Structure formats: C-alpha cells, structure tokens
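S.K.: Below: one structure in structure tokens.
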Amino acid sequence: MDMFIRNLIKGLILLTTFSATISLAEQADWLTKDTLTVGTEGMYPPFTYHDESGKLTGYDVEVARAVSEKLGLKIEFKETAWNALLAGLNNGRFDTVVNQVSMNPERSKKYQSSLPYSYSGVALAIRSELKNIQAEKDLKGLKGGLAFTSQLC
C-alpha cells in the first residue's frame with residue numbers, strides 16, 4: 001500500500017474517533033435551570049438542518065432533544081456559525097454544543113464530552129477519470145473543495 005494511502009487512512013481514523021459530542025461548560029449552573037440551551041449550526045444535514053417547514057431537525061438535534069427529555073429539561077436551540085460554537089460555549093451563551101464536534105487533545109483539556117453517539121468519516125473523493133492519482137504529489141495543481149469553516153481536528 002502506498003505511503004500516501006496509509007497516511008490518509010491513519011488521518012481518517014484519527015478524525016473519526018470522536019466525531020460527535022455534547023460538551024458541557026465548565027460551570028454546571030445549567031443543572032439549576034429548567035431549560036438546556038444548546039448551540040448548533042443548523043446548516044449541516046443530516047445532523048442539524050431545517051426541514052421543508054423550517055423546523056430545526058436532524059440527527060444531532062434529535063439526540064439533544066432526547067437528552068433534555070431524559071434530564072427533565074426544556075430545550076432551547078441557539079443557532080450560530082460553526083466557528084463560533086465553542087466560543088459560545090466558553091462565554092456561557094450555551095450550556096452545551098451538539099453539532100458533530102470532533103474531540104482532540106486541546107479540546108479535551110477544556111471541555112467535558114459525551115461518549116460518541118455517532119461516527120462520521122472524512123474521505124478524499126477523486127473523479128473516476130483521474131486514474132493517475134496515486135500519491136499526494138499527484139494532487140499538485142488540482143482543485144479541491146472543503147467547508148470553509150470546517151475544523152476537522
């Protein structure tokens with residue numbers, strides 16, 4: 001197996017080890033409230049998005065609703081851009097973030113997290129006619145696409 005492919009697979013395994021999390025703020029004042037405030041993006045189907053009627057829905061949204069129900073709390077979603085979710089958690093805007101957040105060593109030092117409840121992988125997809133792509137060097141000069149605010153690690 002080519003070194004590029006091996007490194008790509010290793011990277012994908014690292015990225016997918018913890019792709020979804022509920023991170024609790026350091027202060028647990030939410031335990032004394034009757035409403036759990038959840039930060040989410042609202043634009044990342046199938047995890048968090050708006051259905052045809054405009055209702056916020058998705059896998060992560062339903063997990064958050066189930067958690068709040070189990071805790072006996074009402075739920076309030078606050079939608080924000082991906083790159084502001086953890087900042088909102090830091091400044092107390094949310095009690096938790098539910099939005100396919102991958103944990104890494106830096107985040108693990110700062111946030112508590114749930115056990116993973118889903119896994120979503122990252123993959124490199126190449127058009128079938130580009131059969132000469134065998135190594136990282138073969139990607140030079142090609143165009144790629146990535147979510148602008150995506151923070152994979």
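The chains in the structure tokens are called A, B, ... from first to last as shown; in each chain the residues are counted from 1, and the ligands are counted from 1 in the order shown.
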Which polymer residues have any atom within 7 Å of an atom of region 76-88 of chain A, counting only C-alpha atoms, with same-chain residues fewer than 2 positions away left out, as a PyMOL selection string?
M.R.: chain A and resi 35-42+74+90-94+97+149
S.K.: Quick check for you: according to DSSP on this backbone, which residues of region 8-142 of chain A are classed as strand (DSSP E)? Reply as a PDB file with N, CA, C and O atoms, in the first residue's frame.
M.R.:
ATOM      1  N   ILE A  22     -21.303  15.995  23.044  1.00  0.00           N
ATOM      2  CA  ILE A  22     -22.004  17.026  23.807  1.00  0.00           C
ATOM      3  C   ILE A  22     -20.971  17.536  24.793  1.00  0.00           C
ATOM      4  O   ILE A  22     -20.499  16.792  25.632  1.00  0.00           O
ATOM      5  N   SER A  23     -20.575  18.780  24.650  1.00  0.00           N
ATOM      6  CA  SER A  23     -19.569  19.375  25.528  1.00  0.00           C
ATOM      7  C   SER A  23     -20.248  20.251  26.555  1.00  0.00           C
ATOM      8  O   SER A  23     -21.006  21.137  26.201  1.00  0.00           O
ATOM      9  N   LEU A  24     -19.980  19.985  27.800  1.00  0.00           N
ATOM     10  CA  LEU A  24     -20.598  20.767  28.871  1.00  0.00           C
ATOM     11  C   LEU A  24     -19.667  21.887  29.307  1.00  0.00           C
ATOM     12  O   LEU A  24     -18.457  21.714  29.382  1.00  0.00           O
ATOM     13  N   THR A  35     -34.196  24.883  31.632  1.00  0.00           N
ATOM     14  CA  THR A  35     -34.012  24.807  30.188  1.00  0.00           C
ATOM     15  C   THR A  35     -32.553  24.528  29.856  1.00  0.00           C
ATOM     16  O   THR A  35     -31.650  25.178  30.392  1.00  0.00           O
ATOM     17  N   LEU A  36     -32.330  23.581  28.980  1.00  0.00           N
ATOM     18  CA  LEU A  36     -30.996  23.274  28.466  1.00  0.00           C
ATOM     19  C   LEU A  36     -30.814  24.072  27.177  1.00  0.00           C
ATOM     20  O   LEU A  36     -31.584  23.922  26.234  1.00  0.00           O
ATOM     21  N   THR A  37     -29.810  24.939  27.146  1.00  0.00           N
ATOM     22  CA  THR A  37     -29.540  25.765  25.977  1.00  0.00           C
ATOM     23  C   THR A  37     -28.454  25.087  25.139  1.00  0.00           C
ATOM     24  O   THR A  37     -27.366  24.807  25.642  1.00  0.00           O
ATOM     25  N   VAL A  38     -28.788  24.820  23.874  1.00  0.00           N
ATOM     26  CA  VAL A  38     -27.923  24.028  23.000  1.00  0.00           C
ATOM     27  C   VAL A  38     -27.460  24.870  21.819  1.00  0.00           C
ATOM     28  O   VAL A  38     -28.272  25.425  21.085  1.00  0.00           O
ATOM     29  N   GLY A  39     -26.147  24.939  21.632  1.00  0.00           N
ATOM     30  CA  GLY A  39     -25.591  25.588  20.453  1.00  0.00           C
ATOM     31  C   GLY A  39     -25.487  24.579  19.324  1.00  0.00           C
ATOM     32  O   GLY A  39     -25.027  23.459  19.522  1.00  0.00           O
ATOM     33  N   THR A  40     -25.944  24.974  18.158  1.00  0.00           N
ATOM     34  CA  THR A  40     -25.852  24.116  16.975  1.00  0.00           C
ATOM     35  C   THR A  40     -25.790  25.000  15.740  1.00  0.00           C
ATOM     36  O   THR A  40     -26.166  26.176  15.778  1.00  0.00           O
ATOM     37  N   TYR A  49     -30.257  20.734  10.584  1.00  0.00           N
ATOM     38  CA  TYR A  49     -30.728  21.495   9.430  1.00  0.00           C
ATOM     39  C   TYR A  49     -32.199  21.830   9.613  1.00  0.00           C
ATOM     40  O   TYR A  49     -32.825  21.419  10.587  1.00  0.00           O
ATOM     41  N   HIS A  50     -32.762  22.559   8.680  1.00  0.00           N
ATOM     42  CA  HIS A  50     -34.177  22.925   8.716  1.00  0.00           C
ATOM     43  C   HIS A  50     -34.925  22.121   7.668  1.00  0.00           C
ATOM     44  O   HIS A  50     -34.507  22.047   6.516  1.00  0.00           O
ATOM     45  N   LEU A  56     -36.179  23.184  12.852  1.00  0.00           N
ATOM     46  CA  LEU A  56     -34.843  22.658  13.089  1.00  0.00           C
ATOM     47  C   LEU A  56     -34.946  21.160  13.375  1.00  0.00           C
ATOM     48  O   LEU A  56     -35.730  20.733  14.230  1.00  0.00           O
ATOM     49  N   THR A  57     -34.183  20.373  12.678  1.00  0.00           N
ATOM     50  CA  THR A  57     -34.236  18.922  12.827  1.00  0.00           C
ATOM     51  C   THR A  57     -32.868  18.332  12.517  1.00  0.00           C
ATOM     52  O   THR A  57     -31.910  19.064  12.300  1.00  0.00           O
ATOM     53  N   LYS A  74     -36.584  21.573  29.589  1.00  0.00           N
ATOM     54  CA  LYS A  74     -36.994  22.124  28.307  1.00  0.00           C
ATOM     55  C   LYS A  74     -35.717  22.311  27.500  1.00  0.00           C
ATOM     56  O   LYS A  74     -34.611  22.300  28.051  1.00  0.00           O
ATOM     57  N   ILE A  75     -35.870  22.534  26.199  1.00  0.00           N
ATOM     58  CA  ILE A  75     -34.682  22.731  25.367  1.00  0.00           C
ATOM     59  C   ILE A  75     -34.831  23.991  24.539  1.00  0.00           C
ATOM     60  O   ILE A  75     -35.924  24.313  24.074  1.00  0.00           O
ATOM     61  N   GLU A  76     -33.740  24.727  24.410  1.00  0.00           N
ATOM     62  CA  GLU A  76     -33.703  25.915  23.563  1.00  0.00           C
ATOM     63  C   GLU A  76     -32.453  25.808  22.693  1.00  0.00           C
ATOM     64  O   GLU A  76     -31.344  25.654  23.197  1.00  0.00           O
ATOM     65  N   PHE A  77     -32.660  25.842  21.373  1.00  0.00           N
ATOM     66  CA  PHE A  77     -31.541  25.801  20.440  1.00  0.00           C
ATOM     67  C   PHE A  77     -31.145  27.220  20.068  1.00  0.00           C
ATOM     68  O   PHE A  77     -31.997  28.064  19.818  1.00  0.00           O
ATOM     69  N   LYS A  78     -29.848  27.472  20.058  1.00  0.00           N
ATOM     70  CA  LYS A  78     -29.315  28.747  19.588  1.00  0.00           C
ATOM     71  C   LYS A  78     -28.387  28.435  18.421  1.00  0.00           C
ATOM     72  O   LYS A  78     -27.337  27.834  18.600  1.00  0.00           O
ATOM     73  N   GLU A  79     -28.824  28.840  17.240  1.00  0.00           N
ATOM     74  CA  GLU A  79     -28.042  28.564  16.047  1.00  0.00           C
ATOM     75  C   GLU A  79     -26.958  29.613  15.863  1.00  0.00           C
ATOM     76  O   GLU A  79     -27.188  30.797  16.077  1.00  0.00           O
ATOM     77  N   THR A  96     -24.398  23.647  26.270  1.00  0.00           N
ATOM     78  CA  THR A  96     -23.761  22.540  25.576  1.00  0.00           C
ATOM     79  C   THR A  96     -23.755  22.815  24.082  1.00  0.00           C
ATOM     80  O   THR A  96     -24.491  23.675  23.597  1.00  0.00           O
ATOM     81  N   VAL A  97     -22.920  22.108  23.356  1.00  0.00           N
ATOM     82  CA  VAL A  97     -22.867  22.186  21.902  1.00  0.00           C
ATOM     83  C   VAL A  97     -23.121  20.794  21.359  1.00  0.00           C
ATOM     84  O   VAL A  97     -22.509  19.825  21.804  1.00  0.00           O
ATOM     85  N   VAL A  98     -24.063  20.697  20.429  1.00  0.00           N
ATOM     86  CA  VAL A  98     -24.373  19.421  19.782  1.00  0.00           C
ATOM     87  C   VAL A  98     -24.345  19.679  18.281  1.00  0.00           C
ATOM     88  O   VAL A  98     -25.287  20.237  17.729  1.00  0.00           O
ATOM     89  N   GLN A 112     -15.692  18.889  28.773  1.00  0.00           N
ATOM     90  CA  GLN A 112     -16.164  17.534  29.039  1.00  0.00           C
ATOM     91  C   GLN A 112     -16.918  17.094  27.798  1.00  0.00           C
ATOM     92  O   GLN A 112     -17.485  17.923  27.091  1.00  0.00           O
ATOM     93  N   SER A 113     -16.948  15.807  27.530  1.00  0.00           N
ATOM     94  CA  SER A 113     -17.687  15.353  26.362  1.00  0.00           C
ATOM     95  C   SER A 113     -18.385  14.035  26.650  1.00  0.00           C
ATOM     96  O   SER A 113     -17.990  13.291  27.542  1.00  0.00           O
TER      97      SER A 113
END
S.K.: For region 59-69 of chain A, work out the shell of residues within 6 Å, counting only C-alpha atoms and skipping chain neighbours fewer than 4 positions away, then give it as a list in words.
M.R.: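 The contact residues come out as Phe47, Thr48 and Leu73 of chain A.
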